[in-house]
Structures are given as structure tokens and as C-alpha cells.
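In what follows, a structure is listed as C-alpha cells, so that the remarks can point back to it.
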2 protein chains.
Amino acid sequence: MSPTIRDVARRAGVAPITVSRVINNSGYVSQETRARVEAAIVELRYVPNTLARSLRFKKTRVLALIVTDITNPFWTTVARGVEDVANAHGFSLILCNTDEDEAKQDAYLQVLLQKRVDGFILVPARSIAEPVLAIQAQNVPVVVLDRQIPGVAVDVVRSDSEGGAYRLVTYLLALGHRHIAVLSGPPTISTAVDRVAGYRRALAEAGLPPDAERIFYGTYDIASGYQNALRALQSTPRPTALFAANNFIAIGALRALDEAGLRVPDDIALVCFDDVPLWLQITPFFTMASQRAYQMGQRATELLLERLAGADQAEPREIVLPVDIVIRKSSGTMRTPPAAVAHRPDSAWEQHQMDRLDELI
Amino acid sequence: MSPTIRDVARRAGVAPITVSRVINNSGYVSQETRARVEAAIVELRYVPNTLARSLRFKKTRVLALIVTDITNPFWTTVARGVEDVANAHGFSLILCNTDEDEAKQDAYLQVLLQKRVDGFILVPARSIAEPVLAIQAQNVPVVVLDRQIPGVAVDVVRSDSEGGAYRLVTYLLALGHRHIAVLSGPPTISTAVDRVAGYRRALAEAGLPPDAERIFYGTYDIASGYQNALRALQSTPRPTALFAANNFIAIGALRALDEAGLRVPDDIALVCFDDVPLWLQITPFFTMASQRAYQMGQRATELLLERLAGADQAEPREIVLPVDIVIRKSSGTMRTPPAAVAHRPDSAWEQHQMDRLDELI
DNA sequence: CTGTTAGCGCGTTCAT
DNA sequence: ATGAACGCGCTAACAG
């Protein structure tokens with residue numbers, strides 16, 4: 001069907017291997033034959049077959065990125081970071097979406113192993129060892145992203161969830177809040193647990209009694225945020241501030257508060273983890289702990305590429321990126337302004353968007 | 001390195017082809033040998049090599065989807081539609097993002113052709129024939145999504161941009177607006193042109209003079225929406241309504257209006273094409289022409305799979321999906337309410353999200 | 001029911 | 001500077 005290296009060779013009156021040399025710039029080829037071969041390639045519209053090449057090399061130059069929610073801008077930003085680094089090194093990327101569903105995740109893992117991708121960047125649907133071990137059993141390098149998995153020797157890139165939560169809640173406490181509820185994600189995921197831990201540390205440090213705690217686990221989506229916000233409002237005394245463990249939870253909570261007739265921040269404060277996307281920041285609103293999403297993707301890919309380049313034996317590394325506390329309106333007026341960190345975009349794309357806007361303003 | 005069919009065969013004391021038959025459930029294999037083979041597969045953690053299989057079959061069972069902006073929820077929704085249908089038919093999906101950059105697009109096309117994907121779903125960065133012809137030259141089926149390309153025999157799935165724009169602007173006219181500006185995308189892309197065409201038809205039909213037209217081409221991003229909104233505000237008399245040709249343009253425009261001290265809809269109306277994502281609809285706000293994004297992805301994939309299934313010779317088809325006009329707050333109060341179509345989610349996922357919310361409300 | 005042969009497209013090894 | 005032979009992992013076609 002489509003022409004092969006043989007067809008080109010015949011056309012140019014040379015041996016297949018000569019065509020190969022032309023394509024790959026390997027070995028010696030005279031100017032003249034090279035020209036003939038190149039002409040034949042154009043005439044036949046020859047396109048090299050990566051499949052055969054990969055079979056030969058046992059390398060595909062393809063990486064896989066498995067995320068849990070492709071509709072969340074946080075993850076698409078991470079994906080851009082991964083893709084940019086991968087492409088810069090001549091790797092393609094296959095992006096897969098699990099919806100936090102373990103069955104879907106495991107199905108993808110199988111398919112990708114069969115495709116012989118050179119490496120994985122995995123956001124595990126649950127903080128357990130099995131999927132990582134399954135990959136490692138095939139001698140394929142893997143980097144775990146965003147979440148911790150206890151007891152497994154594997155590279156990890158994540159944000160300081162505990163610290164970010166701690167600082168965010170501490171800020172609320174500094175504003176005078178004494179009844180703060182946390183709306184978290186699934187207790188099976190380390191980030192959800194870590195953010196609760198940061199919350200608890202802040203409360204404890206402030207000397208609040210244990211019964212001040214209002215902890216609501218759920219899932220990392222809008223519906224859960226809505227539901228748990230309603231629950232939180234039932235607790236007595238009613239919280240004066242809500243801490244949402246991710247952006248979607250915050251959006252769901254905002255809707256619940258809106259329906260309950262509560263204005264943010266006048267009637268109740270609302271802060272969250274994760275950026276809402278740049279383009280929701282029409283009027284900067286959410287006070288939040290902003291993860292460096294793009295950078296997370298970059299660093300994870302760099303780690304993976306290092307493994308591929310031969311750092312096979314090196315000790316597993318854990319990279320914990322800092323979280324930026326961004327003070328805006330949803331937390332209300334502060335009495336003693338703490339040191340606020342300005343929002344700093346970390347993707348070229350995001351930077352570009354902001355630059356374009358800045359030029360115009 | 002990783003075990004092959006041969007290793008399994010040796011272990012089980014059979015010939016390689018027998019292992020193949022077990023794996024693929026093809027041909028006859030006795031219960032007993034099957035059991036031995038399966039045991040060997042488990043012991044060796046054997047994973048079939050898709051590369052070799054694809055080389056043999058000249059089929060990869062992989063589809064490629066090339067979109068122009070993966071950060072726009074419209075496109076991730078489309079991608080879900082594609083992926084769901086593809087997976088249901090045993091196909092994997094490679095998702096690529098071009099940022100409306102032709103060079104990036106063409107680079108991806110080359111890589112994907114080399115990977116021998118079985119088919120393409122392409123959102124062309126520009127409405128020109130070359131990229132489609134390049135794919136067809138390799139005898140690979142391709143479906144063009146969202147945009148028209150004049151003079152090329154190819155399957156197309158798109159929305160009725162002209163009609164949607166017409167109805168949206170007609171609605172504004174019915175509200176009494178006589179000075180309406182349109183903020184569109186690149187004149188090189190059919191949707192941007194079509195939406196302007198619908199706008200013009202509505203104006204003409206209302207008997208407005210040609211000088212009532214206020215047309216601003218740009219790009220499909222926030223910065224462009226911001227910039228063109230500012231320009232539009234300069235025209236005299238100042239428009240009383242803006243029509244943004246996509247969601248990101250609307251968001252940029254909203255920011256411009258905010259900075260200009262204009263409230264929507266009290267001081268100026270703002271309507272747009274494309275959904276803003278579900279989770280921006282905290283308080284339903286934008287009046288818009290909503291494309292059936294998920295369905296677009298589905299239909300495109302179905303068309304592509306039909307071609308793969310052998311409908312090779314069939315005439316090119318063009319599927320034009322209707323656009324739903326959704327009346328909400330950003331257009332202001334109406335005097336004579338037209339027949340508004342309720343927003344109807346068309347993805348299982350979106351439906352799920354809404355159901356969960358509805359249950360709770 | 002099971003095995004042998006051959007070839008998918010490419011590139012390394014070793015000749016010439 | 002160019003080419004022949006071989007094998008990457010798998011399976012269709014044809015024995016047995």
C-alpha cells in the first residue's frame with residue numbers, strides 16, 4: 001500500500017539500506033546517489049514507518065501521561081508542561097484521562113504497556129502501589145505525579161499540599177475566623193489527606209480545641225463541593241469560612257453558598273487549593289493556594305527523561321514544589337496583612353496570554 | 001528484555017503460534033495446552049507487543065484527534081466525545097494540540113503519519129486544503145471537524161455557525177438593539193467568517209443600513225476578545241450589544257467591559273457562541289449559541305470508523321449539527337420572549353454532573 | 001489440534 | 001561508498 005524503503009530503493013536504483021542511510025544521515029552516501037534517493041522519496045511520497053523502526057530499536061520515543069480529569073484546567077496546564085518538554089526532546093505524548101476511575105486507569109496501563117511506550121507519568125486514581133508496580137515489573141520507568149504512594153520506590157513530583165493548606169488556613173485564622181470547615185477530596189488520595197492535615201496543624205497551632213474541626217471528605221468535583229458545602233453549613237456554630245481542597249470543589253461550594261443566600265466574602269469566606277483558570281480570573285476573586293501546574297509537568301518529564309537517558313540505578317527522587325498563597329477577594333478583608341505572594345504564571349503560554357493582556361491595559 | 005511470545009512458548013513447551021492462538025482466541029487449542037500457556041503468560045508477566053502486531057496487520061487501531069486549543073473546555077468536551085466512541089470500538093486516541101499554529105499542526109501530521117495511525121479527525125488551523133490532501137495522499141481517512149474547507153472532497157462535521165449567529169443576533173434585534181458589534185475570530189477560519197455572515201444576514205433582514213455593521217476580526221482567545229471589545233466601544237454610536245464569536249472572546253470582552261465600568265447586561269448586552277464550561281455557570285449568565293460539542297466529537301468519530309470499516313468509496317458527507325440558542329442573563333431583559341431552547345447537555349459525563357447537582361437541589 | 005515457514009519495514013553487522 | 005544477510009515480535013497460510 002504505502003511505499004516502503006524498498007520501493008524507494010528500486011526507484012532510485014539502489015539498495016534499501018542506502019535509502020535508510022539517506023533518511024537517517026548515517027554512514028556514507030555520495031552526493032549524487034543521495035540526490036537520486038531524495039527525489040524518489042518525494043515522488044513516491046514516502047513516509048518512514050515508525051512502527052518498524054520502533055520494533056527494531058525497542059524504543060518508541062513515546063511517553064504516556066495519565067491524568068484524572070482532563071476537563072480541569074489544572075490538568076491541561078500540567079499536560080502542556082509535559083508536552084512541551086517531551087516535544088523538545090523528540091518525544092511524542094499520549095494523553096489519557098481516567099476520571100479517577102481505577103478500572104479505566106488499569107485498562108489504559110495495559111494498552112500503553114502493549115504499545116511499548118518508553119515511560120509513564122502517572123497521576124494515580126488511588127494512592128496504592130499496584131499500578132506502579134505493574135509498570136515497574138515491565139522495566140518501564142514511571143514518575144508519579146501530584147500524589148504520594150506509601151512504600152514504593154518511585155520518582156515523585158508533587159506540591160506541598162500540607163504546607164499550602166496550613167498557610168491558607170493560618171491566613172484565615174489571622175483574619176479572625178474560628179469556625180473553618182474543610183471540603184476535601186477522596187480519603188484514598190494523598191493530596192486530600194495532606195490538605196486536611198495542613199488544616200488540622202493550623203488549627204492545633206492556633207490552640208483551637210479539637211471540636212473546632214469540621215472535616216468533609218468527598219470527591220474532587222463540583223457536585224461534591226456543592227454537597228459538602230451544604231453539609232458544612234449545617235454544623236453549629238455555622239462556619240465563617242470554607243476551605244475547598246481544589247478548584248472544582250470551590251466552584252460547587254460557591255454555588256451552594258449562592259443558593260443559600262450567602263455572599264462571598266461578606267457573609268462567609270471561601271478559599272481554595274489550585275488555580276482557577278486564568279480566564280476565570282476576570283475579576284480576580286479566589287484567595288487560594290496555587291500549585292505550579294505547568295512546572296509540575298515539566299519537572300516530572302525531566303525526571304522521566306533522565307531515567308530514560310540511563311540514570312536507571314539512581315535512587316528514587318521526590319520533588320516537592322512550593323505552593324503560592326494568593327490573596328484576593330474571596331477571603332474578605334484582613335486586619336493584619338500577611339506577606340502575600342503575587343501570582344506568578346509559570347507556563348510560557350500563560351505568560352503569553354498575560355503579556356498580551358498587559359500590553360493592552 | 002521483556003518476554004516475547006517465544007519465551008512463553010518455550011516455557012509452556014509449545015510452538016510460538018500456539019501462544020498466539022491462545023492470546024487471540026483464534027484457531028483450535030486444547031483446554032490443557034491453553035491452561036499451560038496461560039500459566040506461562042502469568043509467570044513471565046508477558047505483555048503482547050502491539051508494535052509487532054501492527055506491523056503485521058498494517059493496522060494500529062489508533063486514531064488521531066488534532067484540536068486547536070486544549071485549554072478551551074469546548075475542545076476537551078469534543079475530545080471526550082471522540083474518545084468515548086473510539087474506545088467503545090477498541091481504538092485508542094492520540095490527542096494533539098496545535099494552538100492554531102499551522103507549523104505545529106503540520107509537524108504533528110508528519111509524526112502521526114509515520115506512526116501509521118488508522119485515521120485522523122482534524123480541526124484545521126486554517127481553512128485550506130493542503131493538510132487534508134497530505135493525509136489523503138497516504139490513503140489515510142480523515143474527517144474535518146468544526147470548519148469547512150472549500151473545494152476538497154472530505155467528510156465534515158460542523159455546527160451551523162451561520163444559522164446560530166443569525167438567530168442570536170436576531171434575538172438581540174428583537175430586544176431592541178440597533179447597534180450591535182461582532183467580535184470574531186481569524187478571517188482565515190470558516191467559522192469566524194460564517195458567524196459574521198449570520199450576523200450580517202440578521203442585520204440585513206431587519207432592514208438596518210450597511211453602516212450599522214461593526215465587524216472586528218481577531219483570534220479565538222481572551223486577549224483578542226479584550227482588545228476588540230475596546231475597539232468596538234470606540235465606534236459611534238457606541239454599541240448597545242456585543243456578539244462574541246466564541247467563549248474565550250466573550251470572556252476577554254467581559255473583562256474589557258468591566259474595566260470600562262460597563263455592567264452586563266444593564267449598560268451593555270453581551271452574547272456569545274460556544275458554551276462556557278459547565279462550572280462557569282455558577283450563576284447562569286451568558287446568553288449564547290451553544291454547540292453540541294460532545295456530539296460533534298461522537299459523530300466525527302462515527303464517520304471515521306465507517307470509512308475504516310470499508311465505506312471507502314462513499315461520497316463525502318457533511319454533517320451540520322444544529323446550534324441551541326440559550327437565553328440567560330447577559331442579554332438583558334426582553335420585551336417579546338422568543339422561543340428559547342433549554343440547554344441540553346449531550347455528554348454522559350456532563351449529564352452525570354448535572355444529574356448529581358439536580359439530585360441535591 | 002499443533003507446528004513450520006515466511007514476511008510485515010527497518011537498520012545493525014559484516015562484506016565488498 | 002554501497003550492498004547482503006539477518007532479526008526485532010508477531011501471525012497468515014499451509015502442512016501434519
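Identifiers in the C-alpha cells: chain A, B, ... in order shown; residue index from 1 per chain; ligand index from 1 in order shown.
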Contacts of C:DC1 at 8 Å (only C-alpha atoms (C1' of nucleotides); same-chain gap of 2+ positions) as a VMD selection string: chain B and resid 28 to 30
Which of stretch 86-133 of chain A fall in strand (DSSP E or B), as number ranges by chain: A: 92-97, 119-122
Within 12 Å of C:DA15 using only C-alpha atoms (C1' of nucleotides), minus same-chain residues under 5 positions, as a PyMOL selection string: chain D and resi 2-5
Could you save the residues just selected, with N, CA and C atoms (P, O5', C5', C4', C3', O3' and C1' of nucleotides), as a compact mmCIF listing (two decimals), in the first residue's frame?
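Below you can see result-v7.txt, which holds the result:
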```txt
# COMPACT_ATOMS: atom_id res chain seq x y z
P DT D 2 27.37 5.77 -2.80
O5' DT D 2 27.14 4.23 -2.52
C5' DT D 2 27.11 3.34 -3.62
C4' DT D 2 27.07 1.93 -3.12
C3' DT D 2 25.70 1.40 -2.72
O3' DT D 2 25.20 0.61 -3.78
C1' DT D 2 27.45 0.59 -1.32
P DG D 3 23.75 -0.02 -3.69
O5' DG D 3 24.00 -1.44 -3.04
C5' DG D 3 24.92 -2.32 -3.65
C4' DG D 3 25.08 -3.55 -2.80
C3' DG D 3 23.77 -4.21 -2.36
O3' DG D 3 23.82 -5.59 -2.68
C1' DG D 3 25.18 -3.90 -0.50
P DA D 4 22.54 -6.49 -2.76
O5' DA D 4 22.96 -7.83 -2.04
C5' DA D 4 24.28 -8.02 -1.54
C4' DA D 4 24.33 -9.22 -0.61
C3' DA D 4 23.00 -9.95 -0.44
O3' DA D 4 23.28 -11.32 -0.15
C1' DA D 4 23.54 -8.81 1.58
P DA D 5 22.14 -12.34 0.22
O5' DA D 5 22.22 -12.34 1.81
C5' DA D 5 23.50 -12.50 2.43
C4' DA D 5 23.35 -12.48 3.95
C3' DA D 5 22.16 -13.28 4.48
O3' DA D 5 22.57 -13.92 5.69
C1' DA D 5 22.01 -11.07 5.24
```
Interface, chain C side, toward chain B (8 Å; only C-alpha atoms (C1' of nucleotides)) as a PyMOL selection string: chain C and resi 1-3+8-9
All residues 10 Å or closer to B:Asn247, only C-alpha atoms (C1' of nucleotides), same chain fewer than 3 positions away omitted, as a PyMOL selection string: chain B and resi 72-74+220-222+225+244+250-253+271-277+286+288-290
Write the residues you've just listed into a file as a PDB file, in the first residue's frame, and include N, CA and C atoms for each of them.
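Okay, this is what ended up in result-v7.pdb:
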```
ATOM      1  N   ASN B  72      -9.317  25.173  26.002  1.00  0.00           N
ATOM      2  CA  ASN B  72     -10.708  25.582  25.855  1.00  0.00           C
ATOM      3  C   ASN B  72     -11.623  24.383  26.121  1.00  0.00           C
ATOM      4  N   PRO B  73     -12.466  24.499  27.136  1.00  0.00           N
ATOM      5  CA  PRO B  73     -13.337  23.391  27.516  1.00  0.00           C
ATOM      6  C   PRO B  73     -14.199  22.897  26.361  1.00  0.00           C
ATOM      7  N   PHE B  74     -14.450  23.756  25.418  1.00  0.00           N
ATOM      8  CA  PHE B  74     -15.200  23.305  24.244  1.00  0.00           C
ATOM      9  C   PHE B  74     -14.468  22.139  23.588  1.00  0.00           C
ATOM     10  N   TYR B 220      -9.252  33.584  18.310  1.00  0.00           N
ATOM     11  CA  TYR B 220     -10.231  32.966  19.198  1.00  0.00           C
ATOM     12  C   TYR B 220      -9.723  32.879  20.630  1.00  0.00           C
ATOM     13  N   ASP B 221      -9.140  33.934  21.130  1.00  0.00           N
ATOM     14  CA  ASP B 221      -8.659  33.852  22.508  1.00  0.00           C
ATOM     15  C   ASP B 221      -9.070  35.061  23.338  1.00  0.00           C
ATOM     16  N   ILE B 222      -8.737  35.015  24.603  1.00  0.00           N
ATOM     17  CA  ILE B 222      -9.175  36.039  25.546  1.00  0.00           C
ATOM     18  C   ILE B 222      -8.617  37.406  25.196  1.00  0.00           C
ATOM     19  N   GLY B 225     -10.438  39.038  22.440  1.00  0.00           N
ATOM     20  CA  GLY B 225     -11.751  39.489  22.867  1.00  0.00           C
ATOM     21  C   GLY B 225     -11.661  40.800  23.625  1.00  0.00           C
ATOM     22  N   ALA B 244     -19.939  37.958  20.713  1.00  0.00           N
ATOM     23  CA  ALA B 244     -18.615  37.332  20.683  1.00  0.00           C
ATOM     24  C   ALA B 244     -18.694  36.000  19.955  1.00  0.00           C
ATOM     25  N   ALA B 250     -15.636  36.111  24.485  1.00  0.00           N
ATOM     26  CA  ALA B 250     -16.625  36.686  25.393  1.00  0.00           C
ATOM     27  C   ALA B 250     -16.001  37.003  26.752  1.00  0.00           C
ATOM     28  N   ILE B 251     -15.140  36.111  27.193  1.00  0.00           N
ATOM     29  CA  ILE B 251     -14.520  36.325  28.496  1.00  0.00           C
ATOM     30  C   ILE B 251     -13.574  37.528  28.456  1.00  0.00           C
ATOM     31  N   GLY B 252     -12.821  37.647  27.369  1.00  0.00           N
ATOM     32  CA  GLY B 252     -11.962  38.823  27.208  1.00  0.00           C
ATOM     33  C   GLY B 252     -12.780  40.094  27.124  1.00  0.00           C
ATOM     34  N   ALA B 253     -13.885  40.013  26.414  1.00  0.00           N
ATOM     35  CA  ALA B 253     -14.753  41.180  26.267  1.00  0.00           C
ATOM     36  C   ALA B 253     -15.324  41.584  27.621  1.00  0.00           C
ATOM     37  N   VAL B 271     -23.465  38.625  24.211  1.00  0.00           N
ATOM     38  CA  VAL B 271     -23.844  37.236  23.932  1.00  0.00           C
ATOM     39  C   VAL B 271     -22.682  36.560  23.218  1.00  0.00           C
ATOM     40  N   CYS B 272     -22.692  35.233  23.192  1.00  0.00           N
ATOM     41  CA  CYS B 272     -21.537  34.571  22.599  1.00  0.00           C
ATOM     42  C   CYS B 272     -21.882  33.245  21.940  1.00  0.00           C
ATOM     43  N   PHE B 273     -20.952  32.767  21.179  1.00  0.00           N
ATOM     44  CA  PHE B 273     -21.013  31.443  20.582  1.00  0.00           C
ATOM     45  C   PHE B 273     -20.225  30.509  21.481  1.00  0.00           C
ATOM     46  N   ASP B 274     -20.624  29.250  21.534  1.00  0.00           N
ATOM     47  CA  ASP B 274     -19.943  28.235  22.341  1.00  0.00           C
ATOM     48  C   ASP B 274     -20.336  28.342  23.789  1.00  0.00           C
ATOM     49  N   ASP B 275     -20.402  27.183  24.365  1.00  0.00           N
ATOM     50  CA  ASP B 275     -20.611  27.122  25.792  1.00  0.00           C
ATOM     51  C   ASP B 275     -19.436  27.684  26.539  1.00  0.00           C
ATOM     52  N   VAL B 276     -19.734  28.377  27.604  1.00  0.00           N
ATOM     53  CA  VAL B 276     -18.730  28.458  28.639  1.00  0.00           C
ATOM     54  C   VAL B 276     -18.889  27.161  29.404  1.00  0.00           C
ATOM     55  N   PRO B 277     -17.828  26.690  30.040  1.00  0.00           N
ATOM     56  CA  PRO B 277     -17.909  25.382  30.668  1.00  0.00           C
ATOM     57  C   PRO B 277     -18.969  25.340  31.753  1.00  0.00           C
ATOM     58  N   PHE B 286     -24.365  33.664  30.600  1.00  0.00           N
ATOM     59  CA  PHE B 286     -24.243  34.028  29.200  1.00  0.00           C
ATOM     60  C   PHE B 286     -25.413  33.559  28.331  1.00  0.00           C
ATOM     61  N   MET B 288     -26.289  32.579  24.755  1.00  0.00           N
ATOM     62  CA  MET B 288     -25.306  32.082  23.794  1.00  0.00           C
ATOM     63  C   MET B 288     -25.916  31.125  22.777  1.00  0.00           C
ATOM     64  N   ALA B 289     -25.134  30.901  21.741  1.00  0.00           N
ATOM     65  CA  ALA B 289     -25.436  29.851  20.776  1.00  0.00           C
ATOM     66  C   ALA B 289     -24.547  28.669  21.142  1.00  0.00           C
ATOM     67  N   SER B 290     -25.174  27.640  21.710  1.00  0.00           N
ATOM     68  CA  SER B 290     -24.399  26.534  22.264  1.00  0.00           C
ATOM     69  C   SER B 290     -24.233  25.409  21.250  1.00  0.00           C
TER      70      SER B 290
END
```
Long-range neighbours of B:Met296 as a PyMOL selection string, 9 Å cut-off, only C-alpha atoms (C1' of nucleotides), 4 positions minimum in chain: chain B and resi 78+81-82+145-146+157-159+291-292+300-301+321
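Atom to atom, atom CA of A:Leu93 and atom CA of A:Gln110 stand 16.5 Å apart.
Taking only C-alpha atoms (C1' of nucleotides), the non-local environment of A:Asp84 within 8 Å (same-chain residues fewer than 4 positions away omitted) comprises Arg80, Ala88 and Gln298 of chain A.
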Selection export as an mmCIF file, in the first residue's frame, atoms kept: N, CA and C atoms:
```
data_model
loop_
_atom_site.group_PDB
_atom_site.id
_atom_site.type_symbol
_atom_site.label_atom_id
_atom_site.label_comp_id
_atom_site.auth_asym_id
_atom_site.auth_seq_id
_atom_site.Cartn_x
_atom_site.Cartn_y
_atom_site.Cartn_z
ATOM 1 N N ARG A 80 0.360 20.521 29.305
ATOM 2 C CA ARG A 80 1.174 21.383 28.458
ATOM 3 C C ARG A 80 2.639 21.353 28.891
ATOM 4 N N ALA A 88 10.320 18.874 23.061
ATOM 5 C CA ALA A 88 11.650 19.471 22.935
ATOM 6 C C ALA A 88 12.732 18.397 22.872
ATOM 7 N N GLN A 298 6.559 19.884 33.770
ATOM 8 C CA GLN A 298 7.936 19.964 33.281
ATOM 9 C C GLN A 298 8.876 19.083 34.081
#
```
Contact check, chain B to chain A, at most 6 Å, counting only C-alpha atoms, closest pairs as a Markdown table:
```
| residue | atom | partner | partner_atom | distance |
| --- | --- | --- | --- | --- |
| B:Pro48 | CA | A:Gln114 | CA | 5.7 |
| B:Asn49 | CA | A:Gln114 | CA | 5.1 |
| B:Thr50 | CA | A:Lys115 | CA | 5.1 |
| B:Leu51 | CA | A:Leu51 | CA | 5.8 |
| B:Ile94 | CA | A:Ile94 | CA | 5.6 |
| B:Gln114 | CA | A:Asn49 | CA | 5.1 |
| B:Lys115 | CA | A:Thr50 | CA | 5.2 |
| B:Ala223 | CA | A:Leu357 | CA | 5.6 |
| B:Arg255 | CA | A:Ile282 | CA | 5.5 |
| B:Ile282 | CA | A:Arg255 | CA | 5.5 |
| B:Leu357 | CA | A:Ala223 | CA | 5.6 |
```
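Counting only C-alpha atoms (C1' of nucleotides) and comparing B:Glu100, B:Asp267, B:Asp7, B:Asp118, the residue that lies closest to chain D is B:Asp7.
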Non-local contacts of stretch 202-205 of chain B (7 Å; only C-alpha atoms (C1' of nucleotides); under 4 positions in same chain excluded) as a list in words: Tyr166, Val169, Thr170 and Gly198 of chain B
